[in-house]
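Colleague: I'm passing along model-v5.txt; it holds compact mmCIF, C-alpha atoms.
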# COMPACT_ATOMS: atom_id res chain seq x y z
CA MET A 8 -76.69 32.86 -60.27
CA ASN A 9 -78.52 29.64 -61.04
CA MET A 10 -81.95 30.55 -62.40
CA GLN A 11 -84.59 28.97 -64.59
CA VAL A 12 -87.68 30.14 -66.41
CA PHE A 13 -90.62 28.84 -64.42
CA PRO A 14 -92.91 28.14 -67.39
CA ASN A 15 -90.49 25.28 -68.12
CA MET A 16 -92.14 23.56 -65.16
CA ILE A 17 -94.81 22.60 -67.67
CA ALA A 18 -92.39 20.32 -69.49
CA ASN A 19 -91.60 18.48 -66.26
CA SER A 20 -95.15 18.24 -64.98
CA ASP A 21 -97.18 15.07 -64.81
CA THR A 22 -98.73 14.49 -68.25
CA ALA A 23 -101.88 12.88 -66.87
CA ALA A 24 -102.49 15.83 -64.56
CA LEU A 25 -102.13 18.26 -67.44
CA SER A 26 -104.50 16.21 -69.59
CA SER A 27 -107.07 16.30 -66.80
CA THR A 28 -106.72 20.09 -66.60
CA LEU A 29 -107.18 20.42 -70.35
CA LEU A 30 -110.52 18.66 -70.11
CA ASN A 31 -111.63 21.32 -67.64
CA ARG A 32 -110.12 24.32 -69.39
CA ASP A 33 -111.02 27.70 -67.91
CA THR A 34 -112.77 29.43 -70.82
CA TYR A 35 -112.85 32.83 -69.11
CA LEU A 36 -109.12 32.68 -68.40
CA VAL A 37 -108.24 31.57 -71.94
CA ASN A 38 -110.30 34.42 -73.42
CA LEU A 39 -108.50 36.87 -71.14
CA LEU A 40 -105.15 35.38 -72.12
CA ASN A 41 -105.94 35.83 -75.81
CA LYS A 42 -106.61 39.52 -75.22
CA VAL A 43 -103.47 40.32 -73.22
CA SER A 44 -101.12 38.24 -75.39
CA ALA A 45 -102.37 39.48 -78.77
CA SER A 46 -99.42 41.85 -79.22
CA LYS A 47 -96.39 39.96 -80.58
CA ARG A 48 -92.73 40.70 -79.89
CA GLN A 49 -89.48 39.41 -81.33
CA GLY A 50 -86.91 36.89 -80.16
CA TRP A 51 -86.40 35.88 -76.51
CA LEU A 52 -89.28 37.98 -75.19
CA GLN A 53 -91.83 36.31 -77.45
CA GLU A 54 -90.47 32.88 -76.47
CA LEU A 55 -90.97 33.81 -72.83
CA LYS A 56 -94.49 35.06 -73.53
CA ASP A 57 -95.36 31.84 -75.38
CA LEU A 58 -94.08 29.62 -72.56
CA SER A 59 -96.13 31.56 -70.02
CA ALA A 60 -99.22 31.49 -72.23
CA ASN A 61 -98.93 27.73 -72.41
CA TYR A 62 -98.87 27.58 -68.60
CA VAL A 63 -102.01 29.75 -68.39
CA ARG A 64 -103.87 27.53 -70.86
CA HIS A 65 -103.27 24.61 -68.50
CA SER A 66 -104.44 26.58 -65.44
CA VAL A 67 -107.63 27.85 -63.86
CA ILE A 68 -108.46 30.95 -61.83
CA PRO A 69 -108.28 29.97 -58.14
CA ASN A 70 -111.47 29.46 -56.15
CA THR A 71 -112.32 29.25 -52.45
CA ARG A 72 -111.97 25.46 -52.43
CA GLU A 73 -108.22 25.98 -52.59
CA GLU A 74 -106.59 26.48 -49.20
CA GLU A 75 -104.55 29.52 -50.23
CA TRP A 76 -107.68 31.23 -51.57
CA GLN A 77 -110.33 30.02 -49.14
CA PHE A 78 -111.15 33.55 -47.88
CA THR A 79 -110.69 35.42 -51.18
CA ASP A 80 -113.55 34.86 -53.60
CA LEU A 81 -112.71 35.85 -57.20
CA SER A 82 -116.17 35.09 -58.62
CA ALA A 83 -116.91 38.84 -59.02
CA LEU A 84 -113.75 39.20 -61.11
CA ARG A 85 -114.91 36.44 -63.44
CA LYS A 86 -118.06 38.43 -64.22
CA LEU A 87 -116.10 41.33 -65.73
CA GLU A 88 -115.81 41.70 -69.49
CA LEU A 89 -112.26 43.04 -69.49
CA SER A 90 -110.42 44.78 -72.31
CA VAL A 91 -106.75 45.73 -72.48
CA GLY A 92 -106.11 49.27 -71.17
CA LYS A 93 -105.30 51.81 -73.89
CA LYS A 94 -102.98 54.78 -74.06
CA TYR A 95 -104.40 57.58 -71.92
CA ASP A 96 -103.12 61.14 -71.71
CA LEU A 97 -102.64 62.70 -68.30
CA SER A 98 -100.95 65.87 -67.11
CA GLU A 99 -98.18 66.34 -64.56
CA ASP A 100 -100.77 67.30 -61.95
CA ASP A 101 -102.51 63.95 -62.34
CA VAL A 102 -99.47 61.90 -61.28
CA PRO A 103 -98.68 61.13 -57.62
CA TYR A 104 -95.59 62.93 -56.42
CA PHE A 105 -93.15 62.65 -53.55
CA PRO A 106 -90.76 65.62 -53.25
CA GLU A 107 -87.99 63.35 -51.95
CA ALA A 108 -88.04 61.26 -55.16
CA LYS A 109 -86.79 63.22 -58.16
CA ILE A 110 -86.22 60.07 -60.24
CA ARG A 111 -89.53 58.79 -61.57
CA LEU A 112 -90.88 56.26 -64.06
CA VAL A 113 -94.56 56.58 -65.03
CA PHE A 114 -96.68 53.91 -66.70
CA ILE A 115 -100.33 54.55 -67.62
CA ASN A 116 -102.29 51.37 -68.30
CA SER A 117 -98.88 49.62 -68.34
CA ILE A 118 -97.73 51.90 -71.18
CA TYR A 119 -94.55 53.86 -70.52
CA THR A 120 -95.14 57.62 -70.50
CA PRO A 121 -91.78 59.38 -70.99
CA GLU A 122 -93.21 62.92 -70.90
CA LEU A 123 -94.26 62.39 -67.26
CA SER A 124 -91.12 60.51 -66.25
CA THR A 125 -87.87 62.04 -64.99
CA THR A 126 -84.89 59.83 -65.78
CA ALA A 127 -82.40 62.34 -67.13
CA LYS A 128 -79.16 63.18 -65.25
CA LEU A 129 -79.03 59.88 -63.42
CA PRO A 130 -75.97 59.23 -61.25
CA SER A 131 -73.23 57.10 -62.79
CA GLY A 132 -73.99 53.41 -62.47
CA VAL A 133 -77.77 53.86 -62.14
CA LEU A 134 -80.16 52.77 -64.88
CA VAL A 135 -83.87 53.65 -64.63
CA SER A 136 -85.70 52.91 -67.86
CA ASN A 137 -88.44 51.01 -69.57
CA LEU A 138 -87.53 47.78 -71.34
CA ALA A 139 -88.05 49.17 -74.84
CA SER A 140 -85.58 52.04 -74.23
CA LEU A 141 -82.76 50.01 -72.67
CA PRO A 142 -79.24 50.59 -73.98
CA LEU A 143 -78.06 47.67 -76.13
CA GLY A 144 -75.48 46.63 -73.56
CA HIS A 145 -78.16 46.02 -70.92
CA ILE A 146 -80.67 44.00 -72.93
CA GLU A 147 -78.83 40.69 -72.58
CA ARG A 148 -78.20 41.33 -68.88
CA VAL A 149 -81.87 42.10 -68.21
CA GLN A 150 -82.86 39.01 -70.20
CA GLN A 151 -81.11 36.88 -67.55
CA TYR A 152 -83.48 38.16 -64.83
CA ILE A 153 -86.97 38.69 -66.24
CA ALA A 154 -89.32 35.84 -65.18
CA ARG A 155 -86.43 33.90 -63.65
CA SER A 156 -87.24 34.21 -59.96
CA LYS A 157 -87.31 30.87 -58.18
CA GLY A 158 -90.65 31.61 -56.62
CA ASP A 159 -94.04 29.95 -56.89
CA TRP A 160 -95.11 30.17 -60.50
CA GLU A 161 -98.88 30.58 -60.55
CA VAL A 162 -101.63 31.63 -62.92
CA PHE A 163 -101.66 35.42 -62.39
CA THR A 164 -97.88 35.71 -62.62
CA ALA A 165 -97.94 33.65 -65.81
CA LEU A 166 -100.77 35.79 -67.21
CA ASN A 167 -98.68 38.91 -66.61
CA THR A 168 -95.66 37.35 -68.32
CA ALA A 169 -97.73 36.18 -71.27
CA GLY A 170 -98.87 39.77 -71.78
CA ILE A 171 -95.53 41.57 -71.33
CA ASN A 172 -95.13 44.54 -73.64
CA ASP A 173 -92.92 46.69 -71.45
CA VAL A 174 -91.17 46.59 -68.09
CA GLY A 175 -89.97 49.21 -65.63
CA VAL A 176 -86.27 48.46 -65.06
CA VAL A 177 -84.14 49.68 -62.16
CA TRP A 178 -80.48 48.60 -62.25
CA ILE A 179 -77.99 49.66 -59.59
CA SER A 180 -74.42 48.81 -60.53
CA GLU A 181 -71.77 47.31 -58.28
CA ASN A 182 -70.67 49.48 -55.32
CA VAL A 183 -73.12 52.30 -56.23
CA VAL A 184 -74.96 53.88 -53.30
CA LEU A 185 -78.01 55.83 -54.48
CA GLU A 186 -79.19 58.20 -51.78
CA GLU A 187 -82.22 59.54 -53.67
CA PRO A 188 -85.39 57.39 -53.81
CA ILE A 189 -86.71 56.10 -57.13
CA HIS A 190 -90.48 56.43 -57.66
CA ILE A 191 -92.19 54.04 -60.09
CA VAL A 192 -95.83 54.89 -60.68
CA PHE A 193 -98.33 52.53 -62.30
CA ILE A 194 -101.60 54.34 -63.05
CA THR A 195 -104.79 52.75 -64.33
CA ALA A 196 -106.92 55.33 -66.13
CA GLY A 197 -110.06 55.42 -68.24
CA GLU A 198 -113.72 54.96 -67.35
CA GLU A 199 -115.29 53.77 -70.61
CA ALA A 200 -114.90 50.02 -70.07
CA ALA A 201 -113.53 47.58 -67.54
CA ALA A 202 -109.81 47.39 -68.31
CA ILE A 203 -107.01 45.01 -67.41
CA SER A 204 -103.62 46.53 -66.72
CA GLN A 205 -100.51 44.40 -66.12
CA PRO A 206 -97.69 46.43 -64.54
CA ARG A 207 -94.25 44.81 -64.55
CA CYS A 208 -91.10 45.88 -62.72
CA LEU A 209 -87.57 44.49 -62.47
CA VAL A 210 -85.07 45.68 -59.85
CA VAL A 211 -81.47 44.48 -59.73
CA GLY A 212 -79.05 45.61 -57.04
CA GLU A 213 -75.57 44.44 -57.93
CA THR A 214 -72.90 43.55 -55.36
CA SER A 215 -72.50 46.10 -52.53
CA SER A 216 -75.06 48.50 -54.02
CA GLN A 217 -77.77 50.39 -52.11
CA ALA A 218 -81.05 51.92 -53.27
CA THR A 219 -84.52 52.96 -52.14
CA LEU A 220 -87.52 52.21 -54.35
CA VAL A 221 -91.11 53.45 -54.03
CA GLU A 222 -93.54 51.42 -56.15
CA GLU A 223 -97.04 52.87 -56.39
CA HIS A 224 -100.18 51.38 -57.94
CA THR A 225 -103.01 53.85 -58.16
CA ASN A 226 -105.95 55.21 -60.13
CA TYR A 227 -106.18 58.51 -61.94
CA LYS A 228 -107.42 60.88 -59.22
CA ASN A 229 -109.42 57.99 -57.73
CA THR A 230 -111.98 58.20 -60.55
CA LYS A 231 -114.80 55.69 -60.79
CA GLY A 232 -114.71 52.66 -63.01
CA VAL A 233 -114.04 48.95 -62.64
CA TYR A 234 -110.63 47.60 -63.62
CA PHE A 235 -108.23 44.76 -62.87
CA SER A 236 -104.58 45.44 -62.09
CA ASN A 237 -102.38 42.33 -62.25
CA SER A 238 -98.85 43.33 -61.27
CA VAL A 239 -95.50 41.54 -60.95
CA THR A 240 -92.31 42.92 -59.42
CA GLU A 241 -89.06 40.95 -59.37
CA ILE A 242 -86.23 42.11 -57.11
CA PHE A 243 -82.72 40.65 -57.04
CA VAL A 244 -80.53 41.72 -54.13
CA ASN A 245 -77.02 40.52 -54.87
CA GLU A 246 -74.19 39.89 -52.41
CA ASN A 247 -73.85 42.59 -49.74
CA ALA A 248 -76.45 44.78 -51.46
CA GLN A 249 -79.29 46.68 -49.75
CA ILE A 250 -82.72 47.43 -51.18
CA ASN A 251 -85.32 49.46 -49.26
CA HIS A 252 -88.68 48.95 -50.97
CA THR A 253 -91.98 50.69 -50.28
CA ARG A 254 -95.03 49.33 -52.12
CA ILE A 255 -98.27 51.37 -52.17
CA GLU A 256 -101.57 49.96 -53.44
CA ALA A 257 -104.15 52.76 -53.65
CA ASP A 258 -106.64 51.74 -56.34
CA ASN A 259 -110.21 53.01 -56.44
CA MET A 260 -113.04 51.32 -54.56
CA GLU A 261 -114.27 49.34 -57.58
CA ALA A 262 -110.92 47.89 -58.58
CA PHE A 263 -109.49 44.39 -58.38
CA HIS A 264 -105.77 44.21 -57.70
CA ILE A 265 -103.58 41.10 -57.53
CA GLY A 266 -99.88 41.75 -57.08
CA LYS A 267 -96.82 39.50 -56.89
CA THR A 268 -93.47 40.57 -55.44
CA THR A 269 -90.61 38.08 -55.59
CA VAL A 270 -87.30 38.84 -53.90
CA THR A 271 -84.07 36.85 -54.27
CA GLN A 272 -81.42 37.61 -51.65
CA GLU A 273 -77.80 36.57 -52.06
CA LYS A 274 -75.44 36.22 -49.08
CA HIS A 275 -74.90 39.18 -46.74
CA SER A 276 -77.72 41.12 -48.43
CA SER A 277 -80.45 43.21 -46.83
CA TYR A 278 -84.01 43.75 -48.06
CA SER A 279 -86.81 45.70 -46.40
CA CYS A 280 -90.38 46.05 -47.62
CA HIS A 281 -92.99 48.51 -46.39
CA SER A 282 -96.26 47.33 -47.91
CA ILE A 283 -99.15 49.81 -47.76
CA SER A 284 -102.63 48.71 -48.88
CA LEU A 285 -105.41 51.31 -48.99
CA GLY A 286 -107.67 50.79 -52.00
CA GLY A 287 -109.48 48.31 -54.15
CA LYS A 288 -112.73 46.43 -53.85
CA LEU A 289 -110.55 43.31 -53.68
CA SER A 290 -106.78 43.38 -53.35
CA ARG A 291 -104.18 40.70 -52.76
CA HIS A 292 -100.41 40.94 -52.40
CA ASN A 293 -98.32 37.78 -52.76
CA LEU A 294 -94.86 38.41 -51.33
CA GLU A 295 -92.16 35.76 -51.73
CA ILE A 296 -88.66 35.94 -50.28
CA LEU A 297 -86.00 33.43 -51.34
CA GLN A 298 -82.77 33.30 -49.35
CA ALA A 299 -80.08 32.31 -51.86
CA GLY A 300 -77.11 32.71 -49.53
CA GLU A 301 -76.19 32.87 -45.86
CA ASP A 302 -76.30 35.81 -43.46
CA THR A 303 -79.24 37.69 -45.00
CA GLU A 304 -81.46 40.26 -43.31
CA THR A 305 -85.14 40.60 -44.25
CA THR A 306 -87.62 43.12 -42.83
CA LEU A 307 -91.29 43.03 -43.85
CA ASN A 308 -93.55 45.79 -42.53
CA GLY A 309 -97.15 46.16 -43.62
CA LEU A 310 -100.12 48.45 -43.00
CA THR A 311 -103.58 47.80 -44.44
CA ILE A 312 -106.35 50.38 -43.92
CA ILE A 313 -109.73 49.49 -45.44
CA GLY A 314 -113.44 50.12 -44.91
CA GLY A 315 -116.83 49.66 -46.54
CA GLN A 316 -116.93 46.15 -48.04
CA GLN A 317 -113.31 46.08 -49.12
CA LEU A 318 -111.28 42.89 -48.94
CA ALA A 319 -107.48 43.00 -48.58
CA ASP A 320 -105.40 39.82 -48.59
CA THR A 321 -101.69 39.56 -47.75
CA HIS A 322 -99.93 36.27 -48.44
CA SER A 323 -96.20 36.02 -47.77
CA VAL A 324 -93.69 33.19 -47.94
CA ILE A 325 -90.11 33.39 -46.66
CA LEU A 326 -87.89 30.50 -47.78
CA LEU A 327 -84.75 30.32 -45.63
CA ASN A 328 -82.40 27.78 -47.17
CA HIS A 329 -79.10 28.90 -45.62
CA PRO A 330 -77.79 29.61 -42.10
CA HIS A 331 -77.45 32.86 -40.16
CA GLY A 332 -80.45 34.65 -41.62
CA LYS A 333 -82.50 37.22 -39.75
CA SER A 334 -86.15 37.90 -40.59
CA ARG A 335 -88.58 40.35 -38.98
CA GLN A 336 -92.21 40.67 -40.08
CA LEU A 337 -94.90 42.97 -38.65
CA HIS A 338 -98.20 43.56 -40.44
CA LYS A 339 -101.07 45.65 -39.06
CA TYR A 340 -104.68 45.90 -40.21
CA ILE A 341 -107.14 48.70 -39.45
CA LEU A 342 -110.66 47.67 -40.50
CA VAL A 343 -113.97 49.50 -40.31
CA ASP A 344 -117.54 48.90 -41.54
CA LYS A 345 -117.75 45.43 -43.18
CA ALA A 346 -114.13 45.30 -44.32
CA HIS A 347 -112.43 41.91 -44.44
CA GLY A 348 -108.71 41.45 -43.89
CA ILE A 349 -106.71 38.29 -44.57
CA PHE A 350 -103.16 37.66 -43.41
CA SER A 351 -101.28 34.45 -44.19
CA SER A 352 -97.54 34.27 -43.67
CA LYS A 353 -95.35 31.22 -43.94
CA VAL A 354 -91.69 30.86 -42.99
CA VAL A 355 -90.06 27.68 -44.28
CA MET A 356 -86.77 26.41 -42.82
CA PRO A 357 -85.36 23.05 -44.00
CA LYS A 358 -82.45 21.35 -42.21
CA SER A 359 -79.95 23.49 -44.10
CA ALA A 360 -81.37 26.67 -42.50
CA GLN A 361 -79.59 26.45 -39.14
CA LEU A 362 -78.99 29.43 -36.84
CA ASN A 363 -81.75 31.59 -38.34
CA ASP A 364 -83.57 34.19 -36.23
CA VAL A 365 -87.22 34.72 -37.20
CA GLU A 366 -90.00 36.87 -35.78
CA GLN A 367 -93.49 37.01 -37.27
CA LEU A 368 -96.31 39.20 -35.93
CA ASN A 369 -99.77 40.29 -37.07
CA HIS A 370 -101.82 42.86 -35.11
CA ASN A 371 -105.38 43.83 -36.11
CA LEU A 372 -107.65 46.66 -35.00
CA LEU A 373 -111.38 46.26 -35.69
CA LEU A 374 -113.28 49.54 -35.54
CA SER A 375 -116.76 48.11 -36.10
CA PRO A 376 -118.56 44.93 -35.01
CA LYS A 377 -118.97 43.72 -38.60
CA ALA A 378 -115.32 44.05 -39.58
CA ARG A 379 -113.53 40.72 -39.91
CA VAL A 380 -110.00 39.39 -40.09
CA ASP A 381 -108.63 35.91 -40.80
CA THR A 382 -105.02 35.47 -39.74
CA LYS A 383 -102.64 32.54 -40.13
CA PRO A 384 -98.96 33.02 -39.23
CA GLN A 385 -97.03 29.78 -39.82
CA LEU A 386 -93.57 28.43 -39.09
CA LEU A 387 -92.55 25.28 -40.98
CA ILE A 388 -89.27 24.24 -39.36
CA SER A 389 -87.05 21.24 -40.00
CA ALA A 390 -83.86 22.88 -38.74
CA ASP A 391 -83.10 22.13 -35.08
CA ASN A 392 -80.98 25.16 -34.13
CA VAL A 393 -83.07 28.25 -34.80
CA LYS A 394 -84.69 31.09 -32.87
CA CYS A 395 -88.33 31.65 -33.86
CA SER A 396 -91.44 33.38 -32.58
CA HIS A 397 -94.80 34.22 -34.11
CA GLY A 398 -98.15 35.56 -33.01
CA ALA A 399 -101.34 37.38 -33.90
CA THR A 400 -103.71 39.66 -31.99
CA THR A 401 -107.13 41.08 -32.83
CA SER A 402 -108.72 43.80 -30.73
CA GLN A 403 -111.02 46.80 -30.65
CA LEU A 404 -110.51 50.20 -29.09
CA GLU A 405 -110.70 49.80 -25.33
CA ASP A 406 -113.37 51.77 -23.50
CA ASN A 407 -111.06 52.41 -20.57
CA GLU A 408 -108.40 53.92 -22.87
CA ILE A 409 -110.98 56.26 -24.42
CA PHE A 410 -112.26 57.14 -20.95
CA TYR A 411 -108.73 57.95 -19.78
CA LEU A 412 -108.09 60.29 -22.73
CA LYS A 413 -111.48 61.96 -22.23
CA SER A 414 -110.51 62.59 -18.62
CA ARG A 415 -107.52 64.49 -20.05
CA SER A 416 -109.81 66.98 -21.84
CA LEU A 417 -110.09 65.18 -25.19
CA ASN A 418 -113.51 64.58 -26.72
CA GLU A 419 -114.42 61.05 -27.79
CA ASP A 420 -113.66 61.59 -31.49
CA SER A 421 -110.20 63.01 -30.75
CA ALA A 422 -109.51 60.19 -28.29
CA ARG A 423 -110.40 57.56 -30.90
CA LYS A 424 -108.22 59.19 -33.55
CA LEU A 425 -105.28 59.40 -31.17
CA LEU A 426 -105.51 55.69 -30.34
CA ILE A 427 -105.81 54.71 -34.00
CA GLN A 428 -102.82 56.90 -34.87
CA ALA A 429 -100.79 55.26 -32.12
CA PHE A 430 -101.66 51.81 -33.47
CA ALA A 431 -100.55 52.73 -37.02
CA ALA A 432 -97.52 54.79 -36.01
CA GLU A 433 -95.28 51.77 -35.44
CA ILE A 434 -95.43 51.06 -39.19
CA ILE A 435 -95.70 54.63 -40.50
CA ASN A 436 -92.64 55.82 -38.57
CA ARG A 437 -90.48 53.14 -40.22
CA ILE A 438 -91.08 54.57 -43.71
CA SER A 439 -88.20 56.70 -44.96
CA LEU A 440 -90.27 59.29 -46.91
CA PRO A 441 -91.70 62.05 -44.68
CA SER A 442 -94.24 63.04 -47.35
CA LEU A 443 -95.62 59.50 -47.44
CA GLN A 444 -95.75 59.42 -43.65
CA GLU A 445 -97.82 62.62 -43.73
CA ARG A 446 -100.15 61.17 -46.36
CA LEU A 447 -100.75 58.03 -44.30
CA VAL A 448 -101.44 60.00 -41.13
CA LYS A 449 -104.14 61.92 -43.03
CA THR A 450 -105.63 58.60 -44.17
CA VAL A 451 -105.70 57.27 -40.60
CA ASN A 452 -107.37 60.47 -39.39
CA GLN A 453 -110.34 59.81 -41.68
CA PHE A 454 -111.44 56.90 -39.45
Rewrite the structure of this file - the entire thing - as structure tokens.

Modeller:
Amino acid sequence: MNMQVFPNMIANSDTAALSSTLLNRDTYLVNLLNKVSASKRQGWLQELKDLSANYVRHSVIPNTREEEWQFTDLSALRKLELSVGKKYDLSEDDVPYFPEAKIRLVFINSIYTPELSTTAKLPSGVLVSNLASLPLGHIERVQQYIARSKGDWEVFTALNTAGINDVGVVWISENVVLEEPIHIVFITAGEEAAAISQPRCLVVGETSSQATLVEEHTNYKNTKGVYFSNSVTEIFVNENAQINHTRIEADNMEAFHIGKTTVTQEKHSSYSCHSISLGGKLSRHNLEILQAGEDTETTLNGLTIIGGQQLADTHSVILLNHPHGKSRQLHKYILVDKAHGIFSSKVVMPKSAQLNDVEQLNHNLLLSPKARVDTKPQLLISADNVKCSHGATTSQLEDNEIFYLKSRSLNEDSARKLLIQAFAAEIINRISLPSLQERLVKTVNQF
């Protein structure tokens, strides 16, 4: 696999442009960088941290003048005096649990918590560990993957890399089929001060392997307190491998969450993502798919449910560089009160990406007159032999549908809930964990 560390882009960048950036250095960002990168490591990891820190020093926090951030204003984040999250003790009852997933990694404020994790008695060929506890034979192999995705290197990803102290690692060996889901839980806890937590996860599915991963970002029992969660997950799906990935973002209503997921798919591989966004004052998920071989299959499902004055932003990019790929994307928003949803999805197909089949859809349900959604599905196509479709719809509950259900002996509240459930069911029913399906149905019923 041909990979490179993206901070090396600095060495190849235009010197004049970097000099101009230095003159306008982002003081807030540099101060934050100094806090998260204060802990030093040895060898290759420290070199990686230093390269990323250099990138951050030449960067600024995005603002609404930038096209990719025009609807997501981070000025409130800049007002926070953040400190690095500390070790925090929780009990077993405080940790989210899915009965289908007996294998579990737990990180609290990005600190591995072995007493709440269950990684003993793993099947042969399956490694689920934190970086610091890796067997010696795996350290060099993992080193070849961390921060080597060929995605868009940007300031928040670099900030996470500059502050790496530990990583959740999932490694599925060649030809291993893992039937049982793996649950990785990243908890932000503590109410004394505004904290920054930087979860990091690496998933590698070797040739002809199969696995299901549930990645959850949440707050300790939804307690109050402002914090910033800046997460990065890198997934490598090697030849003929299959990864089924569910990502849950359920932070508290005062939190800021910016997450990056990068996925590299080799030939004949299959990747599916079920992205669930429920919490946060401001949340954003950047999802990048790189097709590194022909005949890949990619499925992206998403469900965002927000209210109050929450803002939830989904940005995805699918880079199809080879022929015979198949991509399906469906993301749904349910918004109430003054909630603001943003959906931007881009599929890029150069001339080399012939005979690809792409479908891209965004459907939005506004449950109040002040709810808002900005949607932008895009197809950037240079290939001349492809099958593509995209679209977006925004609607409210129809009076005639409610009237019809009321005529069938349902009251208005029950009729509304039934219609909202039906809208969300298309995504919920595609999730492989029944317990998560039940949890999401309860969330929908609150509207």

Colleague: Each residue of region 62-177 of chain A with at least one atom at most 6 Å from region 191-195 of chain A should appear once, together with its nearest atom pair and the corresponding distance in Å (one decimal); atoms considered: only C-alpha atoms; ordering: chain, then increasing residue number; output as CSV.

Modeller:
residue,atom,partner,partner_atom,distance
A:Arg111,CA,A:Ile191,CA,5.6
A:Leu112,CA,A:Ile191,CA,4.7
A:Val113,CA,A:Val192,CA,4.8
A:Phe114,CA,A:Phe193,CA,4.9
A:Ile115,CA,A:Ile194,CA,4.7
A:Asn116,CA,A:Thr195,CA,4.9

Colleague: Give me the residues near Leu209 (chain A) as a compact mmCIF listing (two decimals) with C-alpha atoms, in the frame of the given file, where near means some atom within 9 Å (using all atoms listed in the file) and where sequence neighbours in that chain fewer than 4 positions away do not count.

Modeller:
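Result file is result14.txt:
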# COMPACT_ATOMS: atom_id res chain seq x y z
CA VAL A 149 -81.87 42.10 -68.21
CA TYR A 152 -83.48 38.16 -64.83
CA ILE A 153 -86.97 38.69 -66.24
CA VAL A 174 -91.17 46.59 -68.09
CA GLY A 175 -89.97 49.21 -65.63
CA VAL A 176 -86.27 48.46 -65.06
CA VAL A 177 -84.14 49.68 -62.16
CA TRP A 178 -80.48 48.60 -62.25
CA VAL A 239 -95.50 41.54 -60.95
CA THR A 240 -92.31 42.92 -59.42
CA GLU A 241 -89.06 40.95 -59.37
CA ILE A 242 -86.23 42.11 -57.11
CA PHE A 243 -82.72 40.65 -57.04

Colleague: Can you pull out every residue within 12 Å of Pro130 (chain A), counting all atoms listed in the file, but drop anything in the same chain fewer than 4 positions away, and send it as a ChimeraX atom specification?

Modeller: /A:109-110,126,134-135,178-180,183-187,189,218

Colleague: Could you please take those selected residues and save C-alpha atoms as a short mmCIF file (atom, residue, chain, number, x, y, z; two decimals), keeping the file's coordinate frame?

Modeller:
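again.cif, written as the output of this step:
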data_model
loop_
_atom_site.label_atom_id
_atom_site.label_comp_id
_atom_site.auth_asym_id
_atom_site.auth_seq_id
_atom_site.Cartn_x
_atom_site.Cartn_y
_atom_site.Cartn_z
CA LYS A 109 -86.79 63.22 -58.16
CA ILE A 110 -86.22 60.07 -60.24
CA THR A 126 -84.89 59.83 -65.78
CA LEU A 134 -80.16 52.77 -64.88
CA VAL A 135 -83.87 53.65 -64.63
CA TRP A 178 -80.48 48.60 -62.25
CA ILE A 179 -77.99 49.66 -59.59
CA SER A 180 -74.42 48.81 -60.53
CA VAL A 183 -73.12 52.30 -56.23
CA VAL A 184 -74.96 53.88 -53.30
CA LEU A 185 -78.01 55.83 -54.48
CA GLU A 186 -79.19 58.20 -51.78
CA GLU A 187 -82.22 59.54 -53.67
CA ILE A 189 -86.71 56.10 -57.13
CA ALA A 218 -81.05 51.92 -53.27
#

Colleague: Please provide the set of residues having any atom within 12 Å of Asp80 (chain A), restricted to all atoms listed in the file, with same-chain residues fewer than 3 positions apart removed, written as a PyMOL selection string.

Modeller: chain A and resi 68-77+83-85+263+288-291+318-320+347+349

Colleague: Let me make sure I understand: among A:Arg64, A:Lys424, A:Arg437, A:Lys345, which one has the smallest atom-to-atom distance to Leu310 (chain A) if we use all atoms listed in the file?

Modeller: A:Arg437

Colleague: Which residue, A:Phe454, A:Thr271, A:Glu222, A:Ile435, has the smallest gap to Gly314 (chain A) when you use all atoms listed in the file?

Modeller: A:Phe454

Colleague: Could you jot down the CA of Arg379 (chain A) to CA of Gly348 (chain A) separation for me, Å, one decimal place?

Modeller: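 The value is 6.3 Å.
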
Colleague: Dig up all the protein and nucleic acid residues within 9 Å of (-101.6, 49.3, -42.5) in the file frame, using only C-alpha atoms, and format them as a short mmCIF file (atom, residue, chain, number, x, y, z; two decimals) with C-alpha atoms, in the frame of the given file.

Modeller:
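So the final result, stored in out-v7.cif, reads:
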data_model
loop_
_atom_site.label_atom_id
_atom_site.label_comp_id
_atom_site.auth_asym_id
_atom_site.auth_seq_id
_atom_site.Cartn_x
_atom_site.Cartn_y
_atom_site.Cartn_z
CA SER A 282 -96.26 47.33 -47.91
CA ILE A 283 -99.15 49.81 -47.76
CA SER A 284 -102.63 48.71 -48.88
CA LEU A 285 -105.41 51.31 -48.99
CA ASN A 308 -93.55 45.79 -42.53
CA GLY A 309 -97.15 46.16 -43.62
CA LEU A 310 -100.12 48.45 -43.00
CA THR A 311 -103.58 47.80 -44.44
CA ILE A 312 -106.35 50.38 -43.92
CA ILE A 313 -109.73 49.49 -45.44
CA HIS A 338 -98.20 43.56 -40.44
CA LYS A 339 -101.07 45.65 -39.06
CA TYR A 340 -104.68 45.90 -40.21
CA ILE A 341 -107.14 48.70 -39.45
CA ALA A 431 -100.55 52.73 -37.02
CA ILE A 434 -95.43 51.06 -39.19
CA ILE A 435 -95.70 54.63 -40.50
CA LEU A 447 -100.75 58.03 -44.30
#

Colleague: Tell me, as JSON, numbers by chain, which residues lie within 12 Å of Ser421 (chain A), counting only C-alpha atoms; anything in the same chain fewer than 2 positions away does not count.

Modeller: {"A": [409, 410, 412, 413, 415, 416, 417, 418, 419, 423, 424, 425, 426, 427, 428, 452, 453, 454]}

Colleague: Between CA of Ser59 (chain A) and CA of Met356 (chain A), what is the distance in Å, rounded to a tenth?

Modeller: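 Distance reported for this atom pair: 29.2 Å.
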